[in-house]
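Source file: coords25.csv (CSV, C-alpha atoms)
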chain,number,residue,atom,x,y,z
A,104,MET,CA,15.3,28.7,9.3
A,105,SER,CA,14.0,31.9,10.8
A,106,THR,CA,15.8,35.2,10.3
A,107,ARG,CA,16.4,35.6,14.1
A,108,ARG,CA,18.0,32.1,14.3
A,109,LEU,CA,20.1,32.8,11.2
A,110,LEU,CA,21.3,36.1,12.7
A,111,THR,CA,22.1,34.4,16.0
A,112,LYS,CA,24.2,31.8,14.2
A,113,LEU,CA,26.0,34.4,12.1
A,114,SER,CA,26.7,36.5,15.2
A,115,SER,CA,28.1,33.4,16.9
A,116,TYR,CA,30.3,32.6,13.9
A,117,LEU,CA,31.7,36.1,13.7
A,118,SER,CA,32.6,36.0,17.4
A,119,PHE,CA,34.3,32.7,16.8
A,120,CYS,CA,36.3,34.2,13.9
A,121,LYS,CA,37.3,37.3,15.9
A,122,ASN,CA,38.5,35.1,18.8
A,123,ARG,CA,40.5,33.0,16.4
A,124,ALA,CA,42.1,36.0,14.9
A,125,ARG,CA,43.1,37.4,18.3
A,126,ILE,CA,44.7,34.0,19.2
A,127,LEU,CA,46.6,33.9,15.9
A,128,ARG,CA,47.9,37.4,16.5
A,129,LEU,CA,49.3,36.4,20.0
A,130,LYS,CA,50.8,33.2,18.6
A,131,ALA,CA,52.6,35.2,16.0
A,132,ILE,CA,54.4,37.2,18.6
A,133,GLY,CA,55.5,34.1,20.6
A,134,VAL,CA,52.7,33.5,23.1
A,135,ASP,CA,52.1,29.9,24.0
A,136,LEU,CA,48.3,29.4,24.0
A,137,ASP,CA,45.6,27.0,22.8
A,138,PHE,CA,42.7,27.7,20.5
A,139,SER,CA,40.3,26.6,23.3
A,140,ILE,CA,40.7,29.9,25.1
A,141,ASN,CA,38.3,32.8,24.9
A,142,LEU,CA,40.2,36.0,24.4
A,143,GLY,CA,38.3,39.3,24.8
A,144,SER,CA,38.8,42.5,22.8
A,145,ASP,CA,41.5,45.0,23.5
A,146,VAL,CA,43.8,42.6,25.4
A,147,ASP,CA,47.2,44.3,25.7
A,148,VAL,CA,50.1,41.8,25.6
A,149,GLU,CA,53.8,42.7,25.6
A,150,LEU,CA,56.6,40.1,26.1
A,151,GLY,CA,59.4,42.6,26.4
A,152,TYR,CA,63.1,41.8,26.9
A,153,THR,CA,65.5,41.7,29.9
A,154,LYS,CA,69.2,41.1,29.4
A,155,GLY,CA,68.5,40.1,25.8
A,156,LYS,CA,66.0,37.4,26.9
A,157,GLN,CA,62.4,37.7,25.6
A,158,GLY,CA,59.5,37.4,28.1
A,159,ILE,CA,57.4,34.3,28.3
A,160,LEU,CA,53.6,34.2,28.3
A,161,LYS,CA,51.8,30.8,28.6
A,162,ILE,CA,48.0,30.5,28.7
A,163,GLY,CA,46.4,27.2,29.4
A,164,THR,CA,43.4,25.5,27.9
A,165,LYS,CA,39.8,26.7,28.4
A,166,THR,CA,41.0,30.0,30.0
A,167,GLN,CA,38.9,33.1,29.6
A,168,ILE,CA,40.6,36.5,29.3
A,169,ALA,CA,38.1,39.4,29.4
A,170,ARG,CA,38.2,42.7,27.6
A,171,GLY,CA,41.0,45.1,28.4
A,172,VAL,CA,43.3,42.8,30.3
A,173,VAL,CA,46.9,43.9,30.4
A,174,LEU,CA,49.6,41.1,30.3
A,175,HIS,CA,53.1,42.7,30.3
A,176,CYS,CA,56.0,40.3,30.9
A,177,TYR,CA,58.8,42.9,30.8
A,178,GLY,CA,61.2,40.1,29.9
A,179,GLY,CA,59.9,37.9,32.8
A,180,SER,CA,57.2,35.3,32.7
A,181,ILE,CA,53.4,35.0,33.2
A,182,ASN,CA,52.1,31.4,33.3
A,183,ILE,CA,48.3,31.1,33.4
A,184,SER,CA,47.1,27.5,33.9
A,185,ASN,CA,44.0,25.8,32.6
A,186,ASN,CA,40.4,27.0,33.2
A,187,VAL,CA,41.4,30.4,34.7
A,188,PHE,CA,39.2,33.5,34.4
A,189,LEU,CA,40.8,37.0,34.2
A,190,GLY,CA,38.2,39.7,34.6
A,191,SER,CA,38.0,42.9,32.6
A,192,TYR,CA,40.8,45.4,33.0
A,193,THR,CA,43.0,43.2,35.2
A,194,VAL,CA,46.7,44.1,35.0
A,195,ILE,CA,49.5,41.6,35.4
A,196,TYR,CA,53.2,42.6,35.3
A,197,GLY,CA,55.4,39.5,35.0
A,198,ASN,CA,58.9,40.9,35.3
A,199,GLY,CA,59.5,38.9,38.5
A,200,GLY,CA,57.4,35.9,37.4
A,201,VAL,CA,53.7,35.3,37.9
A,202,GLU,CA,52.2,31.8,38.2
A,203,ILE,CA,48.4,31.4,38.3
A,204,ASN,CA,47.2,27.9,38.8
A,205,LYS,CA,44.1,26.1,37.4
A,206,ASP,CA,40.5,26.8,38.1
A,207,THR,CA,41.3,30.3,39.5
A,208,LEU,CA,38.9,33.2,39.2
A,209,ILE,CA,40.4,36.8,39.2
A,210,ALA,CA,37.7,39.4,39.1
A,211,THR,CA,37.6,42.8,37.3
A,212,HIS,CA,40.2,45.5,37.9
A,213,CYS,CA,42.7,43.4,39.8
A,214,LYS,CA,46.5,44.1,39.7
A,215,ILE,CA,49.3,41.6,40.1
A,216,ILE,CA,52.8,43.2,40.4
A,217,SER,CA,55.8,41.0,40.6
A,218,SER,CA,58.5,43.5,41.3
A,219,ASN,CA,59.3,46.6,43.4
A,220,HIS,CA,61.9,49.4,43.6
A,221,LYS,CA,64.5,50.3,46.1
A,222,ILE,CA,64.1,53.6,47.9
A,223,PRO,CA,67.4,55.4,47.5
A,224,ASP,CA,68.8,58.3,49.4
A,225,LYS,CA,67.8,61.8,48.2
A,226,ASN,CA,71.0,62.1,46.0
A,227,THR,CA,70.0,59.1,43.8
A,228,ARG,CA,67.2,59.3,41.4
A,229,ILE,CA,64.4,56.8,42.1
A,230,ARG,CA,64.0,56.1,38.4
A,231,SER,CA,67.6,55.0,38.1
A,232,GLN,CA,67.1,52.1,40.4
A,233,SER,CA,66.7,48.6,38.9
A,234,ASP,CA,63.6,46.5,39.7
A,235,ILE,CA,63.7,44.0,42.5
A,236,LEU,CA,62.1,40.9,41.1
A,237,LEU,CA,59.6,39.3,43.4
A,238,PRO,CA,57.7,36.3,42.1
A,239,VAL,CA,53.9,35.9,42.7
A,240,THR,CA,52.2,32.5,42.9
A,241,ILE,CA,48.5,32.0,43.1
A,242,GLY,CA,47.3,28.5,43.8
A,243,GLU,CA,44.5,26.3,42.4
A,244,ASP,CA,40.8,27.1,42.9
A,245,VAL,CA,41.4,30.7,44.2
A,246,TRP,CA,38.9,33.5,44.0
A,247,ILE,CA,40.4,37.0,43.9
A,248,GLY,CA,37.6,39.6,44.4
A,249,ALA,CA,37.2,42.8,42.3
A,250,GLY,CA,39.9,45.5,42.6
A,251,VAL,CA,42.4,43.4,44.6
A,252,THR,CA,46.1,44.3,44.4
A,253,ILE,CA,48.7,41.6,44.9
A,254,LEU,CA,52.2,42.8,45.5
A,255,GLY,CA,55.5,41.0,44.6
A,256,GLY,CA,56.9,38.1,46.6
A,257,VAL,CA,53.4,36.8,47.7
A,258,SER,CA,52.1,33.3,47.5
A,259,ILE,CA,48.4,32.7,47.8
A,260,GLY,CA,47.6,29.1,48.7
A,261,ASN,CA,45.1,26.7,47.1
A,262,GLY,CA,41.4,27.5,47.7
A,263,CYS,CA,41.9,31.0,49.1
A,264,VAL,CA,39.3,33.7,48.8
A,265,VAL,CA,40.5,37.4,48.8
A,266,GLY,CA,37.8,40.0,49.5
A,267,ALA,CA,37.2,42.9,47.0
A,268,GLY,CA,39.5,45.9,47.3
A,269,SER,CA,42.1,44.1,49.4
A,270,VAL,CA,45.9,44.6,49.1
A,271,VAL,CA,47.8,41.3,49.5
A,272,THR,CA,51.3,42.0,50.9
A,273,ARG,CA,52.0,38.7,52.7
A,274,ASN,CA,51.5,35.0,51.9
A,275,LEU,CA,48.1,33.5,52.5
A,276,PRO,CA,47.8,29.9,53.7
A,277,PRO,CA,45.6,27.4,51.8
A,278,TYR,CA,41.8,27.7,52.1
A,279,SER,CA,42.0,31.0,54.0
A,280,VAL,CA,39.6,33.9,53.5
A,281,ALA,CA,41.4,37.3,53.7
A,282,MET,CA,40.4,40.9,53.3
A,283,GLY,CA,41.5,44.4,54.1
A,284,ILE,CA,44.5,46.7,53.5
A,285,PRO,CA,46.8,45.0,54.1
A,286,ALA,CA,44.9,41.7,53.7
A,287,LYS,CA,44.5,39.7,56.8
A,288,VAL,CA,43.1,36.2,57.3
A,289,VAL,CA,39.6,36.4,58.8
A,290,ARG,CA,38.7,32.7,58.7
A,291,SER,CA,39.5,29.4,57.1
A,292,ARG,CA,37.4,27.4,54.6
A,293,GLU,CA,38.5,24.1,56.1
Encoding of this model in structure tokens:
Amino acid sequence: MSTRRLLTKLSSYLSFCKNRARILRLKAIGVDLDFSINLGSDVDVELGYTKGKQGILKIGTKTQIARGVVLHCYGGSINISNNVFLGSYTVIYGNGGVEINKDTLIATHCKIISSNHKIPDKNTRIRSQSDILLPVTIGEDVWIGAGVTILGGVSIGNGCVVGAGSVVTRNLPPYSVAMGIPAKVVRSRE
């Protein structure tokens, strides 16, 4: 066996071991996931607690989570189905509940935020207001472009495409193509 081939095999084995170690670390803190996933480096996971209840994070089979992804449940839940891709530095806050269905592609630097705050009068501190929990659902076979922000209370239908840099503030019907700030449907894939 050539030196180059041996080094390639060794490198592949080391990557496998690092991935396995990352998965075991997440299993140890209570994340429900499978050894078939590919977990990038520097993935930041926090389950958190709300009203004494620990957050729930489930990650389906054959899912790829790239470097630097942030998954914070804040006592809520994040459920990522099978064969999903989360691009580098994507941030998901699950306090209101986030559901990402199978075969979905979420590009780099996206944000999914499943809560909001009340805007109080000037005599009440903003920080003192509790979160308004607003679940987010993303259907199957969805493509979310780079840098998209998805705000709480939104449902994105199966087969949707959301253009890069968009801000999704309203539900998107299945197989629609949407873009802009706020995101508007520009055509259908049907």
Q: Find the residues near Asn198 (chain A): any atom within 12 Å, counting only C-alpha atoms, skip ones fewer than 4 places away on the same chain, and give them as an MDAnalysis selection string.
A: chainID A and resid 149:154 156:160 174:182 202 215:219 233:239 255:256
With C-alpha atoms kept, could you save the residues just selected as an mmCIF file, in the coordinates of the input?
data_model
loop_
_atom_site.group_PDB
_atom_site.id
_atom_site.type_symbol
_atom_site.label_atom_id
_atom_site.label_comp_id
_atom_site.auth_asym_id
_atom_site.auth_seq_id
_atom_site.Cartn_x
_atom_site.Cartn_y
_atom_site.Cartn_z
ATOM 1 C CA GLU A 149 53.800 42.700 25.600
ATOM 2 C CA LEU A 150 56.600 40.100 26.100
ATOM 3 C CA GLY A 151 59.400 42.600 26.400
ATOM 4 C CA TYR A 152 63.100 41.800 26.900
ATOM 5 C CA THR A 153 65.500 41.700 29.900
ATOM 6 C CA LYS A 154 69.200 41.100 29.400
ATOM 7 C CA LYS A 156 66.000 37.400 26.900
ATOM 8 C CA GLN A 157 62.400 37.700 25.600
ATOM 9 C CA GLY A 158 59.500 37.400 28.100
ATOM 10 C CA ILE A 159 57.400 34.300 28.300
ATOM 11 C CA LEU A 160 53.600 34.200 28.300
ATOM 12 C CA LEU A 174 49.600 41.100 30.300
ATOM 13 C CA HIS A 175 53.100 42.700 30.300
ATOM 14 C CA CYS A 176 56.000 40.300 30.900
ATOM 15 C CA TYR A 177 58.800 42.900 30.800
ATOM 16 C CA GLY A 178 61.200 40.100 29.900
ATOM 17 C CA GLY A 179 59.900 37.900 32.800
ATOM 18 C CA SER A 180 57.200 35.300 32.700
ATOM 19 C CA ILE A 181 53.400 35.000 33.200
ATOM 20 C CA ASN A 182 52.100 31.400 33.300
ATOM 21 C CA GLU A 202 52.200 31.800 38.200
ATOM 22 C CA ILE A 215 49.300 41.600 40.100
ATOM 23 C CA ILE A 216 52.800 43.200 40.400
ATOM 24 C CA SER A 217 55.800 41.000 40.600
ATOM 25 C CA SER A 218 58.500 43.500 41.300
ATOM 26 C CA ASN A 219 59.300 46.600 43.400
ATOM 27 C CA SER A 233 66.700 48.600 38.900
ATOM 28 C CA ASP A 234 63.600 46.500 39.700
ATOM 29 C CA ILE A 235 63.700 44.000 42.500
ATOM 30 C CA LEU A 236 62.100 40.900 41.100
ATOM 31 C CA LEU A 237 59.600 39.300 43.400
ATOM 32 C CA PRO A 238 57.700 36.300 42.100
ATOM 33 C CA VAL A 239 53.900 35.900 42.700
ATOM 34 C CA GLY A 255 55.500 41.000 44.600
ATOM 35 C CA GLY A 256 56.900 38.100 46.600
#
Q | Residue nearest Gly197 (chain A) - candidates A:Lys225, A:Thr240, A:Lys165, A:Thr211, atoms counted: only C-alpha atoms | A | A:Thr240
(Q) I'd like to know which of A:Phe138, A:Leu189, A:Val245, A:Val265 is closest to Ile126 (chain A), using only C-alpha atoms. (A) A:Phe138
Q | Pairwise distance for CA of Lys121 (chain A) and CA of Val148 (chain A), rounded to one decimal in Å | A | 16.7 Å
Q) Using all atoms listed in the file, which of A:Ile195, A:Ala124, A:Ile162, A:Leu113 sits nearest Leu136 (chain A)? A) A:Ile162
Q) Closest to Lys205 (chain A) among A:Gly250, A:Gly242, A:Pro285, A:Pro223, using all atoms listed in the file? A) A:Gly242
**Q.** Contact residues around Gly143 (chain A) with all atoms listed in the file at 6 Å, ignoring same-chain residues under 5 positions, as a list of chain:residue names
**A.** A:Ile168, A:Ala169, A:Arg170
**Q.** Neighbours of point (40.3, 36.0, 35.2) within 6 Å, using only C-alpha atoms, written as a ChimeraX atom specification
**A.** /A:168,187-190,208-210
Q | Residue nearest Asn261 (chain A) - candidates A:Glu293, A:Asp244, A:Asp224, A:Asp147, atoms counted: all atoms listed in the file | A | A:Asp244
Q. In terms of the shortest atom-to-atom distance over all atoms listed in the file, which of A:Thr106, A:Ser269, A:Ser191, A:Asn226 is closest to Gly248 (chain A)?
A.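 With all atoms listed in the file as the atom set, the closest residue is A:Ser269.
Interatomic distance, CA of Gly268 (chain A) to CA of Lys287 (chain A): 12.4 Å.
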Q) By how many Å are CA of Ala131 (chain A) and CA of Lys112 (chain A) apart? A)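 CA of Lys112 (chain A) lies at a distance of 28.7 Å from CA of Ala131 (chain A).
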Q. How would you write as a ChimeraX atom specification the residues that get within 6 Å of (46.8, 27.8, 37.1) in the file's frame, counting all atoms listed in the file?
A. /A:183-185,203-205,243
Dump region 256-283 of chain A with N, CA and C atoms to a file, as a compact mmCIF listing (two decimals), in the first residue's frame.
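Done, and the output landed in part33.txt:
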# COMPACT_ATOMS: atom_id res chain seq x y z
N GLY A 256 -43.70 31.32 14.74
CA GLY A 256 -45.08 31.19 14.32
C GLY A 256 -45.26 30.89 12.85
N VAL A 257 -44.16 30.56 12.17
CA VAL A 257 -44.19 30.36 10.72
C VAL A 257 -44.20 28.87 10.37
N SER A 258 -44.96 28.53 9.33
CA SER A 258 -44.96 27.19 8.77
C SER A 258 -44.56 27.30 7.30
N ILE A 259 -43.55 26.54 6.92
CA ILE A 259 -43.08 26.52 5.54
C ILE A 259 -43.47 25.17 4.95
N GLY A 260 -44.27 25.20 3.90
CA GLY A 260 -44.83 23.97 3.32
C GLY A 260 -43.79 23.10 2.63
N ASN A 261 -44.18 21.86 2.37
CA ASN A 261 -43.32 20.91 1.66
C ASN A 261 -42.86 21.50 0.33
N GLY A 262 -41.61 21.22 -0.04
CA GLY A 262 -41.10 21.57 -1.35
C GLY A 262 -40.84 23.04 -1.60
N CYS A 263 -40.88 23.88 -0.57
CA CYS A 263 -40.64 25.32 -0.75
C CYS A 263 -39.16 25.61 -1.00
N VAL A 264 -38.91 26.73 -1.65
CA VAL A 264 -37.57 27.29 -1.82
C VAL A 264 -37.63 28.72 -1.32
N VAL A 265 -36.70 29.07 -0.41
CA VAL A 265 -36.64 30.43 0.13
C VAL A 265 -35.31 31.04 -0.28
N GLY A 266 -35.36 32.16 -1.00
CA GLY A 266 -34.17 32.81 -1.54
C GLY A 266 -33.24 33.35 -0.47
N ALA A 267 -31.95 33.36 -0.78
CA ALA A 267 -30.91 33.81 0.15
C ALA A 267 -31.22 35.20 0.69
N GLY A 268 -30.96 35.38 1.99
CA GLY A 268 -31.12 36.67 2.63
C GLY A 268 -32.54 37.06 2.98
N SER A 269 -33.50 36.21 2.69
CA SER A 269 -34.91 36.53 2.96
C SER A 269 -35.21 36.48 4.45
N VAL A 270 -36.31 37.15 4.84
CA VAL A 270 -36.82 37.08 6.21
C VAL A 270 -38.25 36.56 6.11
N VAL A 271 -38.49 35.37 6.64
CA VAL A 271 -39.80 34.73 6.55
C VAL A 271 -40.61 35.10 7.79
N THR A 272 -41.70 35.85 7.58
CA THR A 272 -42.55 36.31 8.67
C THR A 272 -43.96 35.73 8.61
N ARG A 273 -44.28 35.05 7.49
CA ARG A 273 -45.62 34.47 7.30
C ARG A 273 -45.50 33.07 6.73
N ASN A 274 -46.57 32.29 6.87
CA ASN A 274 -46.60 30.94 6.33
C ASN A 274 -46.38 30.95 4.81
N LEU A 275 -45.69 29.90 4.33
CA LEU A 275 -45.48 29.74 2.89
C LEU A 275 -46.18 28.46 2.45
N PRO A 276 -47.03 28.53 1.41
CA PRO A 276 -47.74 27.33 0.96
C PRO A 276 -46.78 26.33 0.30
N PRO A 277 -47.16 25.06 0.26
CA PRO A 277 -46.30 24.04 -0.34
C PRO A 277 -45.87 24.42 -1.76
N TYR A 278 -44.65 24.07 -2.09
CA TYR A 278 -44.04 24.21 -3.42
C TYR A 278 -43.96 25.65 -3.92
N SER A 279 -43.95 26.60 -2.98
CA SER A 279 -43.80 27.99 -3.39
C SER A 279 -42.33 28.39 -3.37
N VAL A 280 -41.99 29.39 -4.18
CA VAL A 280 -40.67 30.00 -4.18
C VAL A 280 -40.88 31.40 -3.63
N ALA A 281 -40.16 31.72 -2.54
CA ALA A 281 -40.35 33.00 -1.88
C ALA A 281 -39.01 33.69 -1.69
N MET A 282 -39.03 35.03 -1.68
CA MET A 282 -37.81 35.79 -1.43
C MET A 282 -38.17 37.19 -0.98
N GLY A 283 -37.19 37.85 -0.38
CA GLY A 283 -37.35 39.25 0.00
C GLY A 283 -37.49 39.45 1.49
